[in-house]
file protein_7.txt (compact mmCIF, C-alpha atoms)
# COMPACT_ATOMS: atom_id res chain seq x y z
CA MET B 29 91.86 -38.36 -54.32
CA VAL B 30 95.12 -39.66 -55.77
CA LEU B 31 96.73 -43.05 -56.02
CA GLN B 32 100.42 -43.56 -55.49
CA SER B 33 101.79 -46.35 -57.65
CA SER B 34 105.21 -47.26 -58.98
CA GLY B 35 106.69 -43.95 -57.95
CA CYS B 36 103.98 -41.94 -59.73
CA ILE B 37 101.08 -39.93 -58.38
CA LEU B 38 98.05 -40.69 -60.50
CA PRO B 39 94.43 -39.61 -60.33
CA THR B 40 92.15 -42.54 -59.65
CA TYR B 41 88.52 -43.34 -60.39
CA THR B 42 86.70 -42.54 -57.14
CA ASN B 43 83.18 -42.65 -55.81
CA HIS B 44 81.46 -39.87 -53.86
CA HIS B 45 83.17 -40.91 -50.60
CA ASP B 46 86.59 -39.28 -50.83
CA THR B 47 88.07 -41.88 -48.47
CA ILE B 48 86.99 -44.93 -50.48
CA PRO B 49 88.73 -45.14 -53.88
CA LYS B 50 87.64 -47.46 -56.66
CA LEU B 51 90.91 -48.53 -58.19
CA LEU B 52 91.36 -49.52 -61.79
CA PRO B 53 91.86 -53.27 -62.26
CA VAL B 54 95.53 -54.27 -62.54
CA LYS B 55 95.34 -54.89 -66.32
CA TYR B 56 93.97 -51.44 -67.11
CA HIS B 57 96.16 -49.72 -64.54
CA SER B 58 99.31 -51.33 -65.92
CA GLU B 59 98.42 -50.36 -69.47
CA LEU B 60 97.64 -46.83 -68.31
CA LEU B 61 101.06 -46.47 -66.68
CA THR B 62 102.72 -47.77 -69.86
CA LYS B 63 100.82 -45.35 -72.11
CA GLN B 64 101.60 -42.45 -69.78
CA TYR B 65 105.28 -43.34 -69.83
CA TRP B 66 105.28 -43.56 -73.63
CA LEU B 67 103.59 -40.18 -73.73
CA SER B 68 106.34 -38.74 -71.52
CA CYS B 69 108.92 -39.94 -74.07
CA TYR B 70 107.44 -37.47 -76.57
CA GLN B 71 108.76 -34.60 -74.47
CA SER B 72 111.92 -33.30 -76.15
CA HIS B 73 113.91 -33.29 -72.89
CA HIS B 74 113.03 -36.89 -72.00
CA PRO B 75 116.10 -39.22 -72.02
CA CYS B 76 114.17 -41.74 -74.17
CA HIS B 77 112.78 -39.18 -76.61
CA HIS B 78 114.89 -40.69 -79.42
CA LEU B 79 112.80 -43.88 -79.24
CA THR B 80 109.78 -42.00 -80.56
CA THR B 81 111.55 -41.30 -83.88
CA LEU B 82 112.63 -44.87 -84.57
CA PRO B 83 110.89 -46.60 -87.50
CA ALA B 84 108.40 -49.34 -86.67
CA PRO B 85 109.91 -52.84 -86.80
CA VAL B 86 109.38 -54.76 -90.03
CA ARG B 87 107.98 -57.73 -88.13
CA ASN B 88 106.07 -57.12 -84.94
CA MET B 89 107.29 -60.31 -83.24
CA LYS B 90 107.02 -58.85 -79.75
CA GLY B 91 104.94 -55.92 -78.59
CA THR B 92 106.85 -52.74 -77.76
CA LEU B 93 105.83 -49.31 -76.54
CA MET B 94 105.10 -48.43 -80.17
CA LYS B 95 101.95 -50.54 -80.07
CA TYR B 96 100.36 -47.69 -78.11
CA ASN B 97 101.13 -45.14 -80.84
CA SER B 98 97.54 -45.10 -82.07
CA GLU B 99 96.43 -43.69 -78.69
CA VAL B 100 99.47 -41.64 -77.71
CA VAL B 101 100.60 -40.03 -80.98
CA LEU B 102 97.24 -38.28 -81.42
CA LEU B 103 97.80 -36.52 -78.09
CA SER B 104 101.38 -35.55 -78.91
CA ASP B 105 100.88 -34.47 -82.54
CA GLU B 106 101.18 -30.79 -81.76
CA GLY B 107 104.11 -31.35 -79.46
CA ILE B 108 104.29 -31.42 -75.69
CA THR B 109 105.91 -28.11 -74.96
CA ASP B 110 104.75 -27.33 -71.41
CA VAL B 111 103.74 -29.00 -68.18
CA ASP B 112 100.05 -28.09 -68.50
CA THR B 113 99.75 -29.74 -71.92
CA TYR B 114 101.49 -32.85 -70.61
CA ARG B 115 99.15 -33.08 -67.63
CA ASP B 116 96.10 -32.64 -69.86
CA CYS B 117 97.31 -35.56 -71.98
CA LEU B 118 97.85 -37.69 -68.86
CA ARG B 119 94.29 -36.97 -67.75
CA THR B 120 92.96 -37.88 -71.18
CA LEU B 121 94.69 -41.26 -71.06
CA HIS B 122 93.37 -41.83 -67.56
CA SER B 123 89.80 -40.99 -68.59
CA GLN B 124 90.06 -43.40 -71.51
CA ALA B 125 91.28 -46.17 -69.18
CA VAL B 126 88.36 -45.59 -66.80
CA VAL B 127 85.84 -45.74 -69.67
CA GLU B 128 87.37 -48.96 -70.99
CA ALA B 129 87.42 -50.56 -67.54
CA LYS B 130 83.77 -49.66 -66.92
CA MET B 131 82.76 -51.05 -70.33
CA ASN B 132 84.38 -54.37 -69.42
CA PHE B 133 83.06 -54.39 -65.85
CA VAL B 134 82.65 -57.80 -64.22
CA PRO B 135 79.86 -57.96 -61.57
CA ASN B 136 80.84 -58.69 -57.99
CA ARG B 137 80.80 -62.48 -57.59
CA VAL B 138 79.07 -62.34 -54.17
CA LEU B 139 76.26 -59.96 -55.16
CA GLY B 140 76.09 -60.85 -58.84
CA ALA B 141 75.79 -57.12 -59.54
CA SER B 142 77.66 -53.86 -59.22
CA PRO B 143 78.59 -53.44 -55.54
CA PRO B 144 77.42 -50.40 -53.55
CA ASP B 145 79.82 -47.94 -51.96
CA ILE B 146 81.55 -49.18 -48.82
CA SER B 147 80.63 -47.34 -45.64
CA PRO B 148 83.38 -44.82 -44.78
CA LEU B 149 83.12 -46.03 -41.18
CA GLU B 150 85.09 -49.11 -42.22
CA SER B 151 88.22 -46.95 -42.08
CA LEU B 152 87.83 -46.93 -38.27
CA LEU B 153 88.24 -50.72 -38.07
CA PRO B 154 91.62 -52.47 -37.57
CA ARG B 155 93.48 -53.18 -40.78
CA SER B 156 93.29 -56.96 -40.31
CA VAL B 157 89.50 -56.74 -40.01
CA CYS B 158 89.25 -54.58 -43.14
CA THR B 159 91.36 -57.12 -44.99
CA THR B 160 89.04 -59.99 -44.04
CA LEU B 161 85.95 -57.96 -44.96
CA THR B 162 87.47 -57.22 -48.36
CA GLN B 163 88.19 -60.92 -48.87
CA LEU B 164 84.60 -61.80 -47.96
CA ARG B 165 83.28 -59.22 -50.43
CA SER B 166 85.37 -60.92 -53.13
CA GLY B 167 84.20 -64.43 -52.18
CA HIS B 168 87.81 -65.54 -51.63
CA CYS B 169 88.40 -65.85 -47.89
CA ARG B 170 90.06 -68.45 -45.69
CA LEU B 171 87.15 -68.22 -43.26
CA LEU B 172 85.06 -70.06 -45.84
CA ASN B 173 85.18 -73.81 -46.39
CA SER B 174 83.92 -73.11 -49.93
CA TYR B 175 87.20 -71.29 -50.57
CA LYS B 176 89.47 -73.70 -48.67
CA ALA B 177 87.92 -76.69 -50.47
CA ARG B 178 89.06 -75.21 -53.79
CA ILE B 179 92.69 -74.90 -52.74
CA THR B 180 93.19 -77.74 -50.25
CA SER B 181 92.28 -81.39 -50.73
CA GLY B 182 90.43 -83.14 -47.94
CA ILE B 183 88.36 -80.11 -46.93
CA SER B 184 84.62 -80.36 -47.53
CA ASP B 185 82.54 -77.38 -48.59
CA VAL B 186 80.14 -77.72 -45.67
CA CYS B 187 79.24 -75.20 -42.98
CA PRO B 188 81.00 -76.18 -39.70
CA GLU B 189 78.05 -74.76 -37.70
CA CYS B 190 75.04 -76.52 -39.27
CA GLY B 191 76.92 -79.25 -41.17
CA VAL B 192 74.44 -79.11 -44.03
CA ALA B 193 74.75 -76.19 -46.43
CA PRO B 194 77.75 -75.08 -48.51
CA HIS B 195 79.91 -72.69 -46.49
CA SER B 196 79.67 -69.59 -48.69
CA VAL B 197 79.50 -65.86 -47.98
CA GLU B 198 75.74 -65.94 -48.47
CA HIS B 199 75.37 -68.81 -45.99
CA LEU B 200 77.17 -66.86 -43.24
CA PHE B 201 74.10 -64.62 -43.05
CA ASN B 202 71.52 -67.40 -43.45
CA CYS B 203 72.85 -70.21 -41.26
CA GLN B 204 70.13 -71.42 -38.88
CA SER B 205 72.76 -72.27 -36.27
CA HIS B 206 73.91 -68.64 -36.10
CA PRO B 207 70.89 -66.44 -36.96
CA THR B 208 71.24 -62.73 -37.66
CA GLN B 209 69.30 -59.83 -39.10
CA LEU B 210 72.35 -58.84 -41.15
CA THR B 211 72.52 -59.54 -44.88
CA VAL B 212 75.26 -59.94 -47.46
CA GLN B 213 74.79 -56.28 -48.43
CA ASP B 214 75.86 -55.28 -44.91
CA LEU B 215 79.41 -56.23 -45.86
CA TRP B 216 79.25 -52.88 -47.67
CA TYR B 217 76.62 -50.94 -45.71
CA ASN B 218 77.47 -51.97 -42.14
CA PRO B 219 80.96 -53.56 -42.03
CA ALA B 220 81.42 -52.87 -38.30
CA ALA B 221 78.31 -54.89 -37.39
CA VAL B 222 79.40 -57.73 -39.69
CA ALA B 223 82.86 -57.75 -38.12
CA ASP B 224 81.26 -58.00 -34.67
CA PHE B 225 78.85 -60.74 -35.81
CA LEU B 226 81.69 -62.83 -37.27
CA ASN B 227 84.06 -62.10 -34.36
CA LEU B 228 86.71 -60.84 -36.77
CA ASP B 229 88.54 -59.01 -33.98
CA ASN B 230 89.42 -62.35 -32.34
call {"tool": "encode", "arguments": {"input": "protein_7.txt", "output": "structure tokens"}}
result
Amino acid sequence: MVLQSSGCILPTYTNHHDTIPKLLPVKYHSELLTKQYWLSCYQSHHPCHHLTTLPAPVRNMKGTLMKYNSEVVLLSDEGITDVDTYRDCLRTLHSQAVVEAKMNFVPNRVLGASPPDISPLESLLPRSVCTTLTQLRSGHCRLLNSYKARITSGISDVCPECGVAPHSVEHLFNCQSHPTQLTVQDLWYNPAAVADFLNLDN
């Protein structure tokens, strides 16, 4: 599985379902791309190779590519003389980014824990439905009054069906006015049934 981003083809952190990638968070992905670019500058034929020989600024008023030297220089110490060596260094940086991202993992706000793998059958659903399911799994969805109340004044965080409980993702599966055997976990395990239950196709 690969991820295409900013004109580059990068390996990405994936689960055991080849069709469902787990992407690095934007912060770690952006830093990874920057480190990989700085690494490429250490190739003698790179147009910005001369930047790698410049002395460090006397005062580090603003961060530059040199701030990644501690991670990149170690990989380029022996010189990057062939494509295979360069690719090995890229993979090393990627592995380091994955480890760092996993160490700083933030639990899913809906489950309060690490989310399970998404059923590969979700790929058979229309894109608009997949988008809404993804938003529900994040807890940020315009179908929810709990979300709309945070961004729009005058909207109350109350379920429009029962008029009692807060209108959250959890409540969608527990509302007495719209009973179901489905659970919050089915957003991952059985997205097609959840889409049908919530009439997401309409």
call {"tool": "residues_around", "arguments": {"input": "protein_7.txt", "residues": "Cys187 of chain B", "least_positions_apart": "5", "cutoff": "12 Å", "atoms": "only C-alpha atoms", "output": "list in words"}}
result
Leu171, Leu172, Asn173, Ser174, Tyr175, Lys176, Ala177, Val192, Ala193, Pro194, His195, Ser196, Val197, Glu198, His199, Leu200, Phe201, Asn202, Cys203, Gln204, Ser205 and His206 of chain B
call {"tool": "closest_residue", "arguments": {"input": "protein_7.txt", "among": "B:Met94, B:Cys117, B:Val222, B:Leu61", "to": "Cys158 of chain B", "atoms": "all atoms listed in the file"}}
result
B:Val222
call {"tool": "atom_distance", "arguments": {"input": "protein_7.txt", "atom1": "atom CA of Pro135 of chain B", "atom2": "atom CA of Ala221 of chain B"}}
result
24.4 Å
call {"tool": "residues_around", "arguments": {"input": "protein_7.txt", "residues": "Leu215 of chain B", "least_positions_apart": "6", "cutoff": "10 Å", "atoms": "only C-alpha atoms", "output": "tab-separated table (two decimals) with C-alpha atoms, in the coordinates of the input"}}
result
chain	number	residue	atom	x	y	z
B	144	PRO	CA	77.42	-50.40	-53.55
B	146	ILE	CA	81.55	-49.18	-48.82
B	147	SER	CA	80.63	-47.34	-45.64
B	150	GLU	CA	85.09	-49.11	-42.22
B	161	LEU	CA	85.95	-57.96	-44.96
B	162	THR	CA	87.47	-57.22	-48.36
B	164	LEU	CA	84.60	-61.80	-47.96
B	165	ARG	CA	83.28	-59.22	-50.43
B	197	VAL	CA	79.50	-65.86	-47.98
B	221	ALA	CA	78.31	-54.89	-37.39
B	222	VAL	CA	79.40	-57.73	-39.69
B	223	ALA	CA	82.86	-57.75	-38.12
call {"tool": "atom_distance", "arguments": {"input": "protein_7.txt", "atom1": "atom CA of Leu52 of chain B", "atom2": "atom CA of Ala125 of chain B"}}
result
8.1 Å
call {"tool": "atom_distance", "arguments": {"input": "protein_7.txt", "atom1": "atom CA of Val138 of chain B", "atom2": "atom CA of Glu59 of chain B"}}
result
27.4 Å
call {"tool": "closest_residue", "arguments": {"input": "protein_7.txt", "among": "B:Val101, B:Ala129, B:Val186, B:Leu210", "to": "Asp224 of chain B", "atoms": "only C-alpha atoms"}}
result
B:Leu210
call {"tool": "closest_residue", "arguments": {"input": "protein_7.txt", "among": "B:Val126, B:Ile179, B:Leu102, B:Leu67", "to": "Lys55 of chain B", "atoms": "all atoms listed in the file"}}
result
B:Val126
call {"tool": "closest_residue", "arguments": {"input": "protein_7.txt", "among": "B:Val54, B:Cys190, B:Leu149, B:Leu118", "to": "Tyr217 of chain B", "atoms": "all atoms listed in the file"}}
result
B:Leu149
call {"tool": "residues_around", "arguments": {"input": "protein_7.txt", "residues": "Asn97 of chain B", "least_positions_apart": "2", "cutoff": "12 Å", "atoms": "all atoms listed in the file", "output": "list in words"}}
result
Thr62, Lys63, Gln64, Tyr65, Trp66, Leu67, Cys69, Tyr70, Leu79, Thr80, Thr81, Pro83, Ala84, Gly91, Thr92, Leu93, Met94, Lys95, Glu99, Val100, Val101, Leu102, Leu103, Ser104 and Asp105 of chain B
